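**Student:** As input, take upload.cif (mmCIF, C-alpha atoms):
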```cif
data_protein
loop_
_atom_site.group_PDB
_atom_site.id
_atom_site.type_symbol
_atom_site.label_atom_id
_atom_site.label_comp_id
_atom_site.auth_asym_id
_atom_site.auth_seq_id
_atom_site.Cartn_x
_atom_site.Cartn_y
_atom_site.Cartn_z
ATOM 1 C CA THR Q 1 93.676 6.295 22.929
ATOM 2 C CA THR Q 2 93.215 2.645 22.191
ATOM 3 C CA HIS Q 3 95.356 -0.416 22.875
ATOM 4 C CA LEU Q 4 94.449 -3.811 21.460
ATOM 5 C CA LEU Q 5 95.830 -7.173 22.517
ATOM 6 C CA ILE Q 6 94.450 -9.980 20.422
ATOM 7 C CA GLY Q 7 94.893 -13.650 21.290
ATOM 8 C CA SER Q 8 95.724 -16.409 18.862
ATOM 9 C CA SER Q 9 93.115 -17.230 16.280
ATOM 10 C CA SER Q 10 91.812 -20.753 16.303
ATOM 11 C CA THR Q 11 92.153 -21.205 12.549
ATOM 12 C CA PRO Q 12 95.722 -21.160 11.204
ATOM 13 C CA ASN Q 13 96.340 -18.665 8.369
ATOM 14 C CA ALA Q 14 92.897 -17.048 8.768
ATOM 15 C CA VAL Q 15 92.767 -13.291 9.134
ATOM 16 C CA PRO Q 16 90.982 -12.536 12.395
ATOM 17 C CA ALA Q 17 87.769 -10.575 11.878
ATOM 18 C CA PHE Q 18 88.952 -7.739 14.139
ATOM 19 C CA LEU Q 19 91.517 -6.703 11.550
ATOM 20 C CA THR Q 20 88.867 -5.932 8.979
ATOM 21 C CA ASN Q 21 85.935 -5.031 11.255
ATOM 22 C CA VAL Q 22 87.324 -3.324 14.372
ATOM 23 C CA ILE Q 23 90.492 -1.580 13.198
ATOM 24 C CA PRO Q 24 89.024 0.781 10.549
ATOM 25 C CA PRO Q 25 86.764 2.688 13.016
ATOM 26 C CA ILE Q 26 89.571 3.059 15.580
ATOM 27 C CA ALA Q 27 92.470 3.491 13.147
ATOM 28 C CA THR Q 28 93.097 7.132 14.057
ATOM 29 C CA THR Q 29 93.138 6.523 17.829
ATOM 30 C CA LEU Q 30 94.941 3.181 18.020
ATOM 31 C CA LEU Q 31 98.321 3.601 19.755
ATOM 32 C CA ALA Q 32 99.409 0.021 20.458
ATOM 33 C CA LEU Q 33 98.543 -3.224 18.717
ATOM 34 C CA ASP Q 34 99.664 -6.706 19.709
ATOM 35 C CA ILE Q 35 98.730 -9.291 17.083
ATOM 36 C CA SER Q 36 101.533 -11.683 17.931
ATOM 37 C CA ALA Q 37 101.023 -15.445 17.569
ATOM 38 C CA ASN Q 38 97.922 -15.234 15.379
ATOM 39 C CA PHE Q 39 99.158 -17.525 12.577
ATOM 40 C CA LEU Q 40 99.130 -14.607 10.111
ATOM 41 C CA VAL Q 41 101.008 -15.264 6.875
ATOM 42 C CA ALA Q 42 100.571 -11.620 5.842
ATOM 43 C CA LEU Q 43 99.635 -8.375 7.518
ATOM 44 C CA PRO Q 44 96.414 -6.946 6.129
ATOM 45 C CA PRO Q 45 96.739 -3.547 4.426
ATOM 46 C CA VAL Q 46 94.043 -2.157 6.780
ATOM 47 C CA LEU Q 47 96.904 -1.624 9.257
ATOM 48 C CA GLN Q 48 98.336 1.176 7.120
ATOM 49 C CA ALA Q 49 95.363 3.329 8.192
ATOM 50 C CA CYS Q 50 96.674 3.291 11.791
ATOM 51 C CA VAL Q 51 98.665 6.489 11.360
ATOM 52 C CA CYS Q 52 98.949 7.159 15.117
ATOM 53 C CA LEU Q 53 100.200 3.656 15.944
ATOM 54 C CA GLU Q 54 103.255 3.870 18.213
ATOM 55 C CA GLU Q 55 103.760 0.218 19.152
ATOM 56 C CA LEU Q 56 103.242 -2.822 16.953
ATOM 57 C CA ASN Q 57 103.908 -6.415 17.980
ATOM 58 C CA ILE Q 58 103.687 -8.864 15.073
ATOM 59 C CA ALA Q 59 105.975 -11.515 16.590
ATOM 60 C CA SER Q 60 105.465 -15.240 16.118
ATOM 61 C CA ASN Q 61 103.471 -14.975 12.904
ATOM 62 C CA PRO Q 62 104.828 -16.872 9.848
ATOM 63 C CA LEU Q 63 105.068 -13.718 7.714
ATOM 64 C CA ARG Q 64 108.457 -14.490 6.078
ATOM 65 C CA ALA Q 65 108.666 -10.805 5.039
ATOM 66 C CA LEU Q 66 107.648 -7.484 6.553
ATOM 67 C CA PRO Q 67 105.344 -5.436 4.330
ATOM 68 C CA VAL Q 68 106.614 -2.158 2.876
ATOM 69 C CA PHE Q 69 103.451 -0.350 4.038
ATOM 70 C CA LEU Q 70 104.821 -0.423 7.612
ATOM 71 C CA ALA Q 71 106.994 2.521 6.516
ATOM 72 C CA GLY Q 72 103.822 4.616 6.348
ATOM 73 C CA LEU Q 73 103.302 4.221 10.100
ATOM 74 C CA THR Q 74 105.355 7.333 10.787
ATOM 75 C CA SER Q 75 104.438 7.493 14.509
ATOM 76 C CA LEU Q 76 105.847 4.000 15.136
ATOM 77 C CA ARG Q 77 108.265 3.968 18.082
ATOM 78 C CA VAL Q 78 108.374 0.220 18.851
ATOM 79 C CA LEU Q 79 108.296 -2.603 16.309
ATOM 80 C CA ILE Q 80 108.535 -6.195 17.530
ATOM 81 C CA ALA Q 81 108.924 -8.659 14.670
ATOM 82 C CA ASP Q 82 110.519 -11.640 16.434
ATOM 83 C CA SER Q 83 110.104 -15.129 14.950
ATOM 84 C CA THR Q 84 108.472 -14.026 11.704
ATOM 85 C CA GLY Q 85 110.834 -15.917 9.396
ATOM 86 C CA SER Q 86 112.074 -12.655 7.848
ATOM 87 C CA SER Q 87 115.449 -12.700 6.114
ATOM 88 C CA THR Q 88 115.563 -8.970 5.287
ATOM 89 C CA LEU Q 89 114.077 -5.657 6.329
ATOM 90 C CA PRO Q 90 112.435 -3.507 3.652
ATOM 91 C CA PRO Q 91 114.609 -0.431 2.919
ATOM 92 C CA ALA Q 92 111.471 1.722 3.182
ATOM 93 C CA LEU Q 93 111.533 1.163 6.976
ATOM 94 C CA GLY Q 94 114.489 3.557 7.005
ATOM 95 C CA SER Q 95 111.933 6.383 6.938
ATOM 96 C CA LEU Q 96 110.619 5.522 10.419
ATOM 97 C CA GLU Q 97 112.242 8.514 12.099
ATOM 98 C CA LYS Q 98 110.547 7.940 15.489
ATOM 99 C CA LEU Q 99 111.554 4.256 15.754
ATOM 100 C CA HIS Q 100 113.209 3.831 19.141
ATOM 101 C CA THR Q 101 113.047 0.036 19.547
ATOM 102 C CA LEU Q 102 113.342 -2.656 16.899
ATOM 103 C CA SER Q 103 113.257 -6.324 17.843
ATOM 104 C CA ILE Q 104 113.945 -8.836 15.077
ATOM 105 C CA ARG Q 105 115.033 -11.797 17.202
ATOM 106 C CA ARG Q 106 114.951 -15.395 16.006
ATOM 107 C CA ASN Q 107 114.585 -14.679 12.297
ATOM 108 C CA LYS Q 108 116.645 -15.640 9.237
ATOM 109 C CA MET Q 109 118.749 -12.470 8.927
ATOM 110 C CA ASN Q 110 122.224 -13.028 7.503
ATOM 111 C CA SER Q 111 123.153 -9.354 7.872
ATOM 112 C CA LEU Q 112 121.812 -6.031 9.048
ATOM 113 C CA PRO Q 113 120.952 -3.272 6.568
ATOM 114 C CA SER Q 114 123.186 -0.196 6.683
ATOM 115 C CA TRP Q 115 120.187 2.173 6.819
ATOM 116 C CA LEU Q 116 119.661 1.149 10.470
ATOM 117 C CA CYS Q 117 122.524 3.537 11.254
ATOM 118 C CA LEU Q 118 120.487 6.413 9.833
ATOM 119 C CA LEU Q 119 117.461 6.005 12.115
ATOM 120 C CA PRO Q 120 117.797 9.141 14.269
ATOM 121 C CA VAL Q 121 116.368 7.862 17.588
ATOM 122 C CA LEU Q 122 116.977 4.096 17.403
ATOM 123 C CA GLU Q 123 118.305 3.065 20.806
ATOM 124 C CA ILE Q 124 117.292 -0.579 21.223
ATOM 125 C CA LEU Q 125 118.032 -3.148 18.535
ATOM 126 C CA LEU Q 126 117.458 -6.793 19.478
ATOM 127 C CA VAL Q 127 118.866 -9.237 16.939
ATOM 128 C CA ASP Q 128 119.859 -12.426 18.769
ATOM 129 C CA GLY Q 129 118.900 -15.766 17.268
ATOM 130 C CA ASN Q 130 119.677 -14.813 13.644
ATOM 131 C CA PRO Q 131 122.183 -16.783 11.515
ATOM 132 C CA PHE Q 132 124.457 -13.805 10.822
ATOM 133 C CA GLN Q 133 127.308 -14.398 8.433
ATOM 134 C CA GLY Q 134 130.696 -12.798 8.905
ATOM 135 C CA PRO Q 135 132.166 -11.495 12.122
ATOM 136 C CA TRP Q 136 129.625 -10.164 14.609
ATOM 137 C CA LYS Q 137 131.747 -7.129 15.417
ATOM 138 C CA ALA Q 138 131.719 -5.982 11.790
ATOM 139 C CA LEU Q 139 127.921 -6.180 11.733
ATOM 140 C CA VAL Q 140 127.382 -4.206 14.910
ATOM 141 C CA GLU Q 141 130.252 -1.685 14.818
ATOM 142 C CA PRO Q 142 128.495 0.830 12.507
ATOM 143 C CA LEU Q 143 125.475 0.843 14.828
ATOM 144 C CA LEU Q 144 127.593 1.347 17.943
ATOM 145 C CA ALA Q 145 129.394 4.262 16.289
ATOM 146 C CA LYS Q 146 126.130 6.207 16.140
ATOM 147 C CA VAL Q 147 126.243 8.530 19.127
ATOM 148 C CA PRO Q 148 123.443 11.018 19.696
ATOM 149 C CA MET Q 149 124.558 14.621 19.286
ATOM 150 C CA THR Q 150 122.443 15.861 22.194
ATOM 151 C CA PRO Q 151 120.660 13.968 24.953
ATOM 152 C CA LEU Q 152 116.910 13.527 24.582
ATOM 153 C CA TYR Q 153 116.366 14.972 28.047
ATOM 154 C CA PRO Q 154 118.789 17.488 29.547
ATOM 155 C CA PRO Q 155 120.431 16.346 32.777
ATOM 156 C CA SER Q 156 119.139 17.928 35.987
ATOM 157 C CA THR Q 157 122.599 19.260 36.809
ATOM 158 C CA PRO Q 158 124.964 20.658 34.202
ATOM 159 C CA ILE Q 159 127.716 18.323 33.091
ATOM 160 C CA PHE Q 160 130.882 19.898 31.768
ATOM 161 C CA PRO Q 161 133.198 17.628 29.790
ATOM 162 C CA ALA Q 162 136.764 17.360 31.022
ATOM 163 C CA PRO Q 163 139.159 19.188 28.720
ATOM 164 C CA SER Q 164 140.869 16.893 26.261
ATOM 165 C CA PRO Q 165 144.672 16.457 26.510
ATOM 166 C CA SER Q 166 145.169 18.395 23.273
ATOM 167 C CA ILE Q 167 143.375 21.426 24.762
ATOM 168 C CA ILE Q 168 145.420 21.198 27.972
ATOM 169 C CA ASP Q 169 148.668 21.040 25.981
ATOM 170 C CA VAL Q 170 147.687 24.083 23.930
ATOM 171 C CA GLN Q 171 146.718 26.039 27.055
ATOM 172 C CA SER Q 172 149.915 25.160 28.928
ATOM 173 C CA THR Q 173 152.039 25.984 25.874
ATOM 174 C CA ALA Q 174 150.273 29.330 25.513
ATOM 175 C CA SER Q 175 150.907 30.227 29.174
ATOM 176 C CA GLU Q 176 154.592 29.248 28.866
ATOM 177 C CA ASP Q 177 154.921 31.488 25.822
ATOM 178 C CA ALA Q 178 153.323 34.348 27.772
ATOM 179 C CA ASP Q 179 155.894 33.881 30.556
ATOM 180 C CA ASP Q 180 158.766 34.187 28.077
#
```
Mind turning the file's structure into structure tokens?
**Tutor:**
Amino acid sequence: TTHLLIGSSSTPNAVPAFLTNVIPPIATTLLALDISANFLVALPPVLQACVCLEELNIASNPLRALPVFLAGLTSLRVLIADSTGSSTLPPALGSLEKLHTLSIRRNKMNSLPSWLCLLPVLEILLVDGNPFQGPWKALVEPLLAKVPMTPLYPPSTPIFPAPSPSIIDVQSTASEDADD
């Protein structure tokens, strides 16, 4: 398993050599990649070969748009794309079924795409610092309505839900009828 943290390149807008030289040989073992603050105006397509990549930090690069090929990183659990200048998220990212954390802080988002609600394990969504239009509650309400059907990890002790009032009323009515 490989983790790479790469510092800022000294030449603005230049693609650091590691992206074309180092990543291809380790593409199948790379789990985490931090290429934040490298003055990248685009992500090189060589990243799409990193099929096992679970964490990707591309923050503070003047990308202005996230590439569609990120949707091919099907193992991705964490995507940090803060301060990239993005105004939208590609709809193809809706196929990232393992995405647990998405950070898109300090961008140019006016709204959130509805497909975010369909990501099955998304638990952390960081969106502050965007110029959202319309009421905040209306933007976030669909995401808050998504409640997992079963917990990811079962509790150590069983938890039994309290009966709802409608069940109690039915049970008490049934016992009264039996007494009659």
**Student:** Name the residues captured by the PyMOL selection byres ((chain Q and resi 52) around 9) when it is applied to the shown file; answer as a list in words.
**Tutor:**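 Applied to this file, the PyMOL selection byres ((chain Q and resi 52) around 9) selects Ala27, Thr28, Thr29, Leu30, Leu31, Ala32, Ala49, Cys50, Val51, Leu53, Glu54, Leu73, Thr74, Ser75 and Leu76 of chain Q.
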**Student:** Please dump the current selection as a PDB file, in the frame of the given file; keep C-alpha atoms.
**Tutor:**
```
ATOM      1  CA  ALA Q  27      92.470   3.491  13.147  1.00  0.00           C
ATOM      2  CA  THR Q  28      93.097   7.132  14.057  1.00  0.00           C
ATOM      3  CA  THR Q  29      93.138   6.523  17.829  1.00  0.00           C
ATOM      4  CA  LEU Q  30      94.941   3.181  18.020  1.00  0.00           C
ATOM      5  CA  LEU Q  31      98.321   3.601  19.755  1.00  0.00           C
ATOM      6  CA  ALA Q  32      99.409   0.021  20.458  1.00  0.00           C
ATOM      7  CA  ALA Q  49      95.363   3.329   8.192  1.00  0.00           C
ATOM      8  CA  CYS Q  50      96.674   3.291  11.791  1.00  0.00           C
ATOM      9  CA  VAL Q  51      98.665   6.489  11.360  1.00  0.00           C
ATOM     10  CA  LEU Q  53     100.200   3.656  15.944  1.00  0.00           C
ATOM     11  CA  GLU Q  54     103.255   3.870  18.213  1.00  0.00           C
ATOM     12  CA  LEU Q  73     103.302   4.221  10.100  1.00  0.00           C
ATOM     13  CA  THR Q  74     105.355   7.333  10.787  1.00  0.00           C
ATOM     14  CA  SER Q  75     104.438   7.493  14.509  1.00  0.00           C
ATOM     15  CA  LEU Q  76     105.847   4.000  15.136  1.00  0.00           C
TER      16      LEU Q  76
END
```
**Student:** For atom CA of Q:Leu96 and atom CA of Q:Ile58, determine how far apart the two atoms are, in Å to one decimal place.
**Tutor:**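 About the pair atom CA of Q:Leu96 and atom CA of Q:Ile58: they are 16.6 Å apart.
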**Student:** With only C-alpha atoms as the basis for distance, which of Q:Leu122, Q:Ile104, Q:Ala59, Q:Ala65 is at the shortest distance from Q:Arg77?
**Tutor:**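 Of all the options, Q:Leu122 lies closest to Q:Arg77.
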**Student:** Work out how far atom CA of Q:Ser87 is from atom CA of Q:Asn38, in Å to one decimal.
**Tutor:**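 About the pair atom CA of Q:Asn38 and atom CA of Q:Ser87: they are 20.0 Å apart.
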**Student:** Would you kindly return, as a PyMOL selection string, each protein, DNA or RNA residue with an atom no farther than 8 Å from any atom of Q:Leu126, considering all atoms listed in the file and excluding same-chain residues fewer than 5 positions away?
**Tutor:** chain Q and resi 102-105
**Student:** For each of Q:Ser111, Q:Ser83, Q:Thr101, Q:Ser36, take the minimum atom-to-atom distance to Q:Leu125, counting only C-alpha atoms, then give the residue where this is smallest.
**Tutor:**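 For Q:Leu125, the nearest of the candidates is Q:Thr101.
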**Student:** What is the distance between atom CA of Q:Arg106 and atom CA of Q:Gly129, in Å to one decimal?
**Tutor:**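 One can read the atom CA of Q:Arg106 to atom CA of Q:Gly129 distance as 4.2 Å.
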**Student:** Decode the PyMOL selection byres ((chain Q and resi 40-45) around 6) for the given file into explicit residues and return them as a PyMOL selection string.
**Tutor:** chain Q and resi 13+38-39+46-48+61-63
**Student:** Take the point (102.1, -4.3, 18.9) as written in the file and pick out every residue within 6 Å of it, counting all atoms listed in the file; give the list as a list in words.
**Tutor:**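 Residues with an atom at most 6 Å from (102.1, -4.3, 18.9): Ala32, Leu33, Asp34, Glu55, Leu56 and Asn57 of chain Q.
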**Student:** Listed atoms of stretch 52-57 of chain Q, axis-aligned box, 5 Å per side: centre and edge lengths to one decimal in Å, as JSON?
**Tutor:**
```
{"center_x": 101.4, "center_y": 0.4, "center_z": 17.1, "size_x": 15.0, "size_y": 23.6, "size_z": 14.0}
```
**Student:** Determine the residue membership of the PyMOL selection byres ((chain Q and resi 68) around 9) for the file above and supply it as a ChimeraX atom specification.
**Tutor:** /Q:66-67,69-72,89-93
**Student:** Counting all atoms listed in the file, which residue out of Q:Met109, Q:Leu119, Q:Leu79, Q:Ile23 sits closest to Q:Arg64?
**Tutor:** Q:Met109
**Student:** Of the candidates Q:Ala81, Q:Leu112, Q:Ile124, Q:Val22, which shows the shortest atom-to-atom distance to Q:Leu99, using all atoms listed in the file?
**Tutor:**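 Of all the options, Q:Ile124 lies closest to Q:Leu99.
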